[in-house]
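Shown next: my_file39.txt, containing compact mmCIF, C-alpha atoms.
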# COMPACT_ATOMS: atom_id res chain seq x y z
CA MET T 1 -17.92 -8.52 0.19
CA PRO T 2 -17.65 -7.00 3.67
CA TRP T 3 -19.27 -9.19 6.35
CA GLU T 4 -22.78 -8.15 7.33
CA LEU T 5 -22.62 -6.63 10.78
CA ASP T 6 -25.28 -5.05 12.98
CA ASN T 7 -24.54 -1.51 14.00
CA ASP T 8 -25.76 -1.64 17.59
CA ARG T 9 -23.54 -4.38 19.03
CA PRO T 10 -19.79 -4.58 19.59
CA ILE T 11 -18.03 -5.54 16.38
CA TYR T 12 -15.66 -8.07 17.93
CA LEU T 13 -18.59 -10.11 19.31
CA GLN T 14 -20.13 -10.25 15.85
CA LEU T 15 -16.82 -11.30 14.33
CA MET T 16 -16.60 -14.11 16.91
CA GLU T 17 -20.13 -15.23 16.04
CA ARG T 18 -19.41 -15.16 12.33
CA ILE T 19 -16.27 -17.28 12.69
CA GLN T 20 -18.11 -19.73 14.97
CA GLN T 21 -20.86 -19.92 12.37
CA ASP T 22 -18.28 -20.57 9.63
CA ILE T 23 -16.76 -23.37 11.68
CA VAL T 24 -20.10 -25.07 12.34
CA SER T 25 -21.33 -24.68 8.77
CA GLY T 26 -18.18 -26.23 7.33
CA VAL T 27 -16.46 -23.22 5.77
CA TYR T 28 -13.58 -24.27 8.03
CA HIS T 29 -12.96 -27.79 9.25
CA ALA T 30 -11.44 -29.17 12.44
CA GLY T 31 -7.69 -28.61 12.37
CA ASP T 32 -7.82 -26.07 9.50
CA LYS T 33 -5.50 -23.12 9.54
CA LEU T 34 -7.25 -19.73 9.69
CA PRO T 35 -6.20 -16.90 7.34
CA SER T 36 -4.02 -14.19 8.90
CA VAL T 37 -5.54 -11.45 11.05
CA ARG T 38 -4.85 -8.92 8.33
CA ASP T 39 -6.49 -11.01 5.60
CA LEU T 40 -9.54 -11.74 7.71
CA ALA T 41 -9.82 -8.05 8.62
CA ILE T 42 -9.63 -7.02 4.97
CA ASP T 43 -12.18 -9.65 4.01
CA ALA T 44 -14.58 -8.48 6.72
CA ALA T 45 -13.74 -4.80 6.11
CA VAL T 46 -13.03 -4.23 9.79
CA ASN T 47 -10.18 -2.93 11.87
CA PRO T 48 -7.34 -5.47 12.27
CA ASN T 49 -7.14 -4.83 16.03
CA THR T 50 -10.84 -5.69 16.35
CA MET T 51 -10.29 -8.92 14.40
CA GLN T 52 -7.30 -9.65 16.62
CA LYS T 53 -9.48 -9.24 19.69
CA ALA T 54 -12.16 -11.58 18.28
CA LEU T 55 -9.55 -14.25 17.52
CA SER T 56 -7.92 -13.88 20.95
CA GLU T 57 -11.30 -14.40 22.60
CA LEU T 58 -11.96 -17.49 20.49
CA GLU T 59 -8.53 -18.72 21.45
CA ARG T 60 -9.32 -18.22 25.11
CA SER T 61 -12.49 -20.27 24.70
CA GLY T 62 -10.34 -23.09 23.27
CA LEU T 63 -11.98 -23.10 19.85
CA LEU T 64 -8.81 -21.81 18.20
CA HIS T 65 -5.22 -22.41 19.15
CA SER T 66 -2.12 -20.75 17.86
CA ARG T 67 1.24 -22.25 17.09
CA ARG T 68 3.94 -19.77 17.72
CA THR T 69 5.13 -19.24 14.14
CA SER T 70 2.65 -20.96 11.91
CA GLY T 71 -0.64 -19.22 12.73
CA ARG T 72 -4.03 -20.03 14.20
CA PHE T 73 -5.86 -23.32 13.83
CA ILE T 74 -9.37 -24.59 14.49
CA THR T 75 -9.52 -27.07 17.36
CA GLU T 76 -9.62 -30.77 16.51
CA ASP T 77 -11.64 -31.49 19.64
CA GLU T 78 -14.84 -32.91 18.14
CA THR T 79 -16.70 -32.70 21.46
CA MET T 80 -16.01 -28.99 21.62
CA LEU T 81 -17.21 -28.50 18.05
CA GLN T 82 -20.37 -30.46 18.80
CA GLU T 83 -20.99 -28.29 21.88
CA LEU T 84 -20.52 -25.16 19.80
CA ARG T 85 -23.07 -26.42 17.30
CA ASP T 86 -25.56 -27.08 20.10
CA ARG T 87 -24.93 -23.70 21.63
CA LEU T 88 -25.54 -21.88 18.34
CA ALA T 89 -28.75 -23.89 17.83
CA ASP T 90 -29.92 -23.00 21.35
CA ARG T 91 -29.30 -19.33 20.64
CA HIS T 92 -31.33 -19.43 17.41
CA ILE T 93 -34.19 -21.21 19.18
CA HIS T 94 -34.11 -18.69 22.02
CA ASP T 95 -34.25 -15.76 19.57
CA PHE T 96 -37.07 -17.43 17.66
CA MET T 97 -39.09 -18.11 20.83
CA GLU T 98 -38.67 -14.48 21.88
CA LYS T 99 -40.01 -13.28 18.55
CA MET T 100 -42.97 -15.65 18.64
CA LYS T 101 -43.79 -14.43 22.15
CA GLN T 102 -43.72 -10.86 20.87
CA LEU T 103 -46.16 -11.90 18.14
CA GLY T 104 -48.49 -13.22 20.86
CA PHE T 105 -48.05 -16.98 20.36
CA ARG T 106 -48.22 -19.31 23.35
CA GLU T 107 -45.59 -22.06 23.53
CA ASP T 108 -48.00 -24.80 22.45
CA GLU T 109 -49.13 -22.66 19.50
CA THR T 110 -45.53 -22.08 18.50
CA LEU T 111 -44.81 -25.81 18.69
CA LYS T 112 -47.85 -26.51 16.48
CA LYS T 113 -46.59 -23.94 13.96
CA ILE T 114 -43.20 -25.63 13.83
CA GLN T 115 -44.73 -29.08 13.36
CA ASP T 116 -46.94 -27.76 10.54
CA ALA T 117 -43.95 -26.11 8.86
CA ILE T 118 -41.94 -29.34 9.04
CA LYS T 119 -44.83 -31.30 7.50
CA GLU T 120 -45.08 -28.79 4.68
CA GLU T 121 -41.42 -29.00 3.88
CA GLN T 122 -41.45 -32.81 3.66
CA MET F 1 -0.62 -2.06 19.47
CA SER F 2 -0.13 0.84 21.80
CA GLY F 3 1.69 0.28 25.03
CA GLU F 4 5.36 0.31 25.84
CA MET F 5 6.40 2.75 23.13
CA ASN F 6 5.77 6.45 23.46
CA PRO F 7 2.62 7.73 21.74
CA ILE F 8 2.90 8.68 18.08
CA LEU F 9 0.82 11.81 18.71
CA GLU F 10 0.42 13.77 21.89
CA CYS F 11 -1.49 17.04 22.31
CA ARG F 12 -1.31 18.86 25.63
CA ASN F 13 -3.77 21.67 26.32
CA LEU F 14 -3.57 22.54 22.65
CA SER F 15 -5.38 25.74 21.64
CA LYS F 16 -5.67 27.78 18.48
CA LYS F 17 -7.27 31.19 18.53
CA TYR F 18 -8.12 33.23 15.44
CA ASN F 19 -8.53 37.02 15.61
CA HIS F 20 -7.53 37.01 19.28
CA GLN F 21 -10.95 35.81 20.34
CA THR F 22 -12.51 32.86 18.50
CA TYR F 23 -11.17 29.50 19.59
CA ALA F 24 -10.87 27.08 16.66
CA LEU F 25 -9.40 24.61 19.12
CA ASN F 26 -9.75 24.92 22.87
CA ASP F 27 -7.57 23.17 25.46
CA LEU F 28 -7.39 19.84 23.66
CA SER F 29 -5.41 17.01 25.26
CA LEU F 30 -5.09 13.58 23.75
CA SER F 31 -2.64 10.81 23.12
CA LEU F 32 -2.69 8.35 20.21
CA GLY F 33 -0.96 4.98 20.42
CA ARG F 34 0.67 3.14 17.54
CA GLY F 35 -1.08 0.70 15.27
CA GLN F 36 -4.51 2.26 15.44
CA ILE F 37 -7.06 3.67 13.04
CA VAL F 38 -8.66 6.69 14.65
CA GLY F 39 -11.69 8.63 13.40
CA LEU F 40 -11.70 12.39 13.87
CA LEU F 41 -15.35 13.31 13.79
CA GLY F 42 -17.25 16.53 14.14
CA PRO F 43 -19.48 18.92 12.20
CA ASN F 44 -18.09 21.62 9.93
CA GLY F 45 -16.23 24.25 11.89
CA SER F 46 -15.64 22.00 14.90
CA GLY F 47 -11.86 22.25 14.59
CA LYS F 48 -10.93 19.04 12.71
CA THR F 49 -8.90 20.72 9.98
CA THR F 50 -7.33 23.14 12.48
CA LEU F 51 -6.10 20.19 14.54
CA ILE F 52 -4.76 18.47 11.44
CA LYS F 53 -2.93 21.60 10.34
CA LEU F 54 -1.39 22.04 13.79
CA ILE F 55 -0.10 18.47 13.72
CA ASN F 56 1.40 19.11 10.28
CA GLY F 57 3.05 22.33 11.40
CA LEU F 58 0.96 24.42 8.99
CA LEU F 59 -0.41 26.45 11.90
CA ILE F 60 1.29 27.58 15.10
CA PRO F 61 -0.54 26.84 18.40
CA SER F 62 -1.84 29.79 20.43
CA GLY F 63 -1.31 27.67 23.54
CA GLY F 64 -0.24 24.19 24.60
CA SER F 65 1.84 21.78 22.53
CA VAL F 66 1.66 19.04 19.94
CA LEU F 67 4.30 16.31 19.73
CA ILE F 68 4.76 13.73 16.99
CA ASP F 69 6.84 10.79 18.16
CA GLY F 70 8.04 13.09 20.92
CA MET F 71 9.04 15.93 18.57
CA ALA F 72 7.50 19.30 17.83
CA PRO F 73 6.30 19.68 14.20
CA GLY F 74 9.22 20.39 11.86
CA VAL F 75 11.45 18.90 9.19
CA ASP F 76 11.92 15.64 11.12
CA THR F 77 8.22 15.06 11.78
CA LYS F 78 7.34 15.63 8.11
CA LYS F 79 9.22 12.42 7.35
CA LEU F 80 7.03 10.52 9.79
CA ILE F 81 3.69 11.90 8.61
CA SER F 82 1.97 11.16 5.33
CA TYR F 83 -0.75 13.76 4.93
CA LEU F 84 -3.76 13.86 2.64
CA PRO F 85 -5.06 17.42 2.71
CA GLU F 86 -8.70 18.30 2.22
CA ARG F 87 -7.90 20.15 -1.00
CA SER F 88 -5.59 19.04 -3.75
CA TYR F 89 -2.17 20.61 -4.01
CA LEU F 90 -1.23 18.65 -7.14
CA ASP F 91 -0.43 20.39 -10.42
CA ASP F 92 -3.37 19.75 -12.75
CA SER F 93 -1.21 19.84 -15.88
CA MET F 94 0.94 16.91 -14.74
CA LYS F 95 0.49 13.29 -15.74
CA VAL F 96 -0.10 10.75 -12.97
CA LYS F 97 3.24 9.04 -13.70
CA ASP F 98 5.07 12.40 -13.51
CA ILE F 99 3.61 13.01 -10.08
CA ILE F 100 4.74 9.55 -8.99
CA HIS F 101 8.23 10.38 -10.27
CA TYR F 102 8.14 13.64 -8.35
CA PHE F 103 7.08 11.90 -5.14
CA THR F 104 9.84 9.30 -5.59
CA ASP F 105 12.40 12.11 -5.76
CA PHE F 106 10.88 14.03 -2.91
CA TYR F 107 10.21 11.34 -0.29
CA GLU F 108 12.73 8.67 0.52
CA ASN F 109 10.00 6.50 2.03
CA PHE F 110 7.80 6.57 -1.11
CA HIS F 111 7.26 3.24 -2.91
CA ALA F 112 6.49 3.82 -6.59
CA ASP F 113 5.83 0.12 -7.24
CA LYS F 114 3.10 0.16 -4.61
CA ALA F 115 1.54 3.26 -6.21
CA TYR F 116 1.53 1.65 -9.68
CA GLU F 117 -0.04 -1.48 -8.25
CA MET F 118 -2.89 0.48 -6.65
CA LEU F 119 -3.40 2.53 -9.83
CA ALA F 120 -3.76 -0.70 -11.79
CA ASP F 121 -6.24 -2.07 -9.24
CA LEU F 122 -8.36 1.05 -9.61
CA GLU F 123 -7.91 1.10 -13.41
CA ILE F 124 -6.35 4.55 -13.46
CA SER F 125 -3.89 5.12 -16.29
CA PRO F 126 -0.48 6.49 -15.27
CA GLU F 127 -0.49 8.34 -18.61
CA ALA F 128 -3.61 10.36 -17.72
CA ARG F 129 -3.23 14.03 -17.05
CA MET F 130 -4.66 15.15 -13.68
CA ARG F 131 -6.95 17.73 -15.24
CA THR F 132 -8.71 15.09 -17.35
CA LEU F 133 -9.68 13.02 -14.30
CA SER F 134 -13.01 13.22 -12.47
CA LYS F 135 -13.14 14.60 -8.94
CA GLY F 136 -13.46 11.10 -7.46
CA THR F 137 -10.56 9.74 -9.50
CA LYS F 138 -8.33 12.64 -8.47
CA GLU F 139 -9.13 11.85 -4.85
CA LYS F 140 -8.16 8.24 -5.44
CA VAL F 141 -4.83 9.29 -7.00
CA GLN F 142 -4.08 11.46 -3.98
CA LEU F 143 -4.94 8.70 -1.55
CA ILE F 144 -2.72 6.29 -3.50
CA LEU F 145 0.19 8.75 -3.25
CA VAL F 146 -0.33 9.17 0.48
CA MET F 147 -0.68 5.44 1.20
CA SER F 148 2.40 4.61 -0.90
CA ARG F 149 4.62 6.31 1.63
CA GLU F 150 5.90 4.27 4.53
CA ALA F 151 4.94 6.58 7.37
CA LYS F 152 4.33 6.29 11.10
CA LEU F 153 1.31 8.56 11.07
CA TYR F 154 -1.12 8.89 8.18
CA ILE F 155 -3.41 11.88 8.36
CA LEU F 156 -6.31 11.71 5.96
CA ASP F 157 -8.59 14.75 5.84
CA GLU F 158 -11.92 13.64 4.35
CA PRO F 159 -10.50 10.82 2.20
CA ILE F 160 -13.85 9.39 1.08
CA GLY F 161 -15.89 12.53 0.56
CA GLY F 162 -16.08 12.72 -3.21
CA VAL F 163 -16.28 9.10 -4.29
CA ASP F 164 -19.17 6.74 -4.91
CA PRO F 165 -19.95 3.88 -2.49
CA ALA F 166 -18.20 1.17 -4.55
CA ALA F 167 -15.02 3.23 -4.72
CA ARG F 168 -15.41 3.93 -1.00
CA ASP F 169 -15.23 0.20 -0.32
CA TYR F 170 -12.07 -0.02 -2.40
CA ILE F 171 -10.54 2.97 -0.65
CA LEU F 172 -11.20 1.42 2.76
CA HIS F 173 -9.71 -1.79 1.42
CA THR F 174 -6.68 0.19 0.21
CA ILE F 175 -6.24 1.80 3.59
CA LEU F 176 -6.60 -1.50 5.47
CA SER F 177 -4.20 -3.41 3.25
CA ASN F 178 -1.52 -0.74 2.92
CA TYR F 179 -0.72 0.63 6.33
CA SER F 180 1.97 -1.07 8.33
CA GLU F 181 0.90 -2.60 11.61
CA ASP F 182 2.68 -0.17 13.88
CA ALA F 183 1.50 2.90 11.94
CA THR F 184 -1.43 5.00 13.08
CA ILE F 185 -4.06 6.49 10.81
CA LEU F 186 -5.96 9.60 11.83
CA LEU F 187 -8.89 10.07 9.51
CA SER F 188 -11.44 12.86 9.47
CA THR F 189 -14.83 12.28 7.88
CA HIS F 190 -18.51 13.09 7.88
CA LEU F 191 -19.40 9.66 6.58
CA ILE F 192 -19.21 7.78 9.84
CA HIS F 193 -21.58 5.01 8.90
CA ASP F 194 -19.35 3.89 6.03
CA ILE F 195 -16.23 3.80 8.07
CA GLU F 196 -16.93 2.98 11.68
CA ASN F 197 -16.15 -0.75 11.32
CA VAL F 198 -12.56 0.03 10.40
CA LEU F 199 -11.97 2.41 13.32
CA ASP F 200 -10.46 1.43 16.68
CA HIS F 201 -11.19 4.70 18.25
CA VAL F 202 -13.16 7.88 17.69
CA LEU F 203 -12.61 11.49 18.70
CA PHE F 204 -15.62 13.82 18.66
CA LEU F 205 -14.86 17.51 18.29
CA GLN F 206 -17.47 20.13 19.06
CA ASN F 207 -16.79 23.87 18.94
CA GLY F 208 -13.06 23.27 19.22
CA ARG F 209 -13.34 20.96 22.22
CA LEU F 210 -12.77 17.23 22.50
CA VAL F 211 -16.11 15.95 23.80
CA LEU F 212 -15.57 12.19 23.36
CA ASN F 213 -12.52 9.96 23.09
CA ALA F 214 -13.56 6.29 23.15
CA SER F 215 -13.21 2.96 21.36
CA VAL F 216 -15.91 2.02 18.87
CA ASP F 217 -16.70 -1.25 20.65
CA ASP F 218 -16.83 0.46 24.07
CA ILE F 219 -19.40 2.89 22.67
CA ARG F 220 -21.43 0.03 21.25
CA MET F 221 -21.11 -1.97 24.47
CA GLU F 222 -22.14 0.88 26.76
CA GLN F 223 -24.74 2.62 24.61
CA GLN F 224 -26.02 -0.27 22.48
CA LYS F 225 -25.83 1.99 19.49
CA SER F 226 -23.50 2.72 16.61
CA VAL F 227 -21.04 5.59 16.61
CA ASP F 228 -23.02 7.02 13.69
CA ILE F 229 -26.23 7.19 15.74
CA LEU F 230 -24.41 8.54 18.81
CA PHE F 231 -22.88 11.22 16.60
CA ARG F 232 -26.30 12.25 15.30
CA GLU F 233 -27.56 12.53 18.90
CA VAL F 234 -24.58 14.52 20.17
CA PHE F 235 -24.61 16.90 17.22
CA ARG F 236 -28.36 17.18 16.66
CA CYS F 237 -29.12 20.54 15.07
What does the file become when written as structure tokens?
Amino acid sequence: MPWELDNDRPIYLQLMERIQQDIVSGVYHAGDKLPSVRDLAIDAAVNPNTMQKALSELERSGLLHSRRTSGRFITEDETMLQELRDRLADRHIHDFMEKMKQLGFREDETLKKIQDAIKEEQ
Amino acid sequence: MSGEMNPILECRNLSKKYNHQTYALNDLSLSLGRGQIVGLLGPNGSGKTTLIKLINGLLIPSGGSVLIDGMAPGVDTKKLISYLPERSYLDDSMKVKDIIHYFTDFYENFHADKAYEMLADLEISPEARMRTLSKGTKEKVQLILVMSREAKLYILDEPIGGVDPAARDYILHTILSNYSEDATILLSTHLIHDIENVLDHVLFLQNGRLVLNASVDDIRMEQQKSVDILFREVFRC
């Protein structure tokens, strides 16, 4: 299945997000080797150069590192992985808060909604 | 990646006039690097097929020049280009395997094993006669033949026009997994939405002129919209 991508944002950014998501959600683990650029591009149904760009950016951020001949690996730096997880959570919360604001909820009302939802799920 | 090497395709002030007055292509200049997938987009009659035929040496320019790997179209450039024309040129009475045999004889850079592998993936029998195949299946056979050549420039004129969406996915998959990394693919289509994720770069043609030459992600970054939507805006009827 091609990866689900929005059509109004740069593709490489979405590929970066998807790989970050896969790292946090445990599809890949710390120290794992990533598939090749070509294989990831085919899996995502995107251009290999775009996938290459996404991986290079993730490498620059330190989340991935490459060993000259053996490929790209996920960092083993647990602090960095924890920070990534926090950052993704913050982004989801920010998006959620924006949407609630658009629906006309004040912050305290939104908080109440969340607390109610948690109670219901328990 | 493009860069140090000379471009695989270079057009300089390329023009093609029909009947001494109508420009099918008007003063087009562009340069394509290696290792890219480039979309050639434009409405009917915008000059896409004219450009493709000029690159393949099937038409002679009225002005300007076209160079493939630094050479004018001719016997040498035909070895570098693997071309999927808009209309089939294959003999309908032939069996698929006979055509593969014919291609093996004709092109030294044709890999029959690769062709058979792709046929098997798409469940097309090598024993089938071309005339018994559906329009979509014929298109797939032609694409398989074109992608089984080891070329530097693949030119695909409307490769996904006649096939259903599931086959389209497979065809994109076939293209992505079968071109070598330093080869360039120039692909003309109307179906931008289905294909824009696999493109590095797009060229918009309008009335024979190049009106846009940009990377897909630059378009998305600057306009916050897809190439498909931009295309609909530029070419609104």
Applying 10 Å and all atoms listed in the file, which residues near Met71 of chain F remain after dropping the ones on its own chain fewer than 5 positions away? List them as a PyMOL selection string.
chain F and resi 8-10+66+76-77
Using only C-alpha atoms, which residue out of F:Val96, F:Ala24, F:Val146, F:Cys11 lies closest to Gln206 of chain F?
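For Gln206 of chain F, the nearest of the given residues is F:Ala24.
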Hey, list the chain T side of the contact with chain F: 12 Å cut-off, all atoms listed in the file, answer as a ChimeraX atom specification.
/T:1-15,37-54
Find the residues near segment 19-32 of chain T: any atom within 10 Å, counting only C-alpha atoms, skip ones fewer than 6 places away on the same chain, and give them as JSON, numbers by chain.
{"T": [54, 55, 58, 63, 64, 65, 72, 73, 74, 75, 76, 77, 78, 81, 82, 84, 85, 86, 88]}
So which one's closest to Thr69 of chain T, T:Phe105, T:Ile93, T:Glu83, T:Ser36? Using only C-alpha atoms, please.
T:Ser36
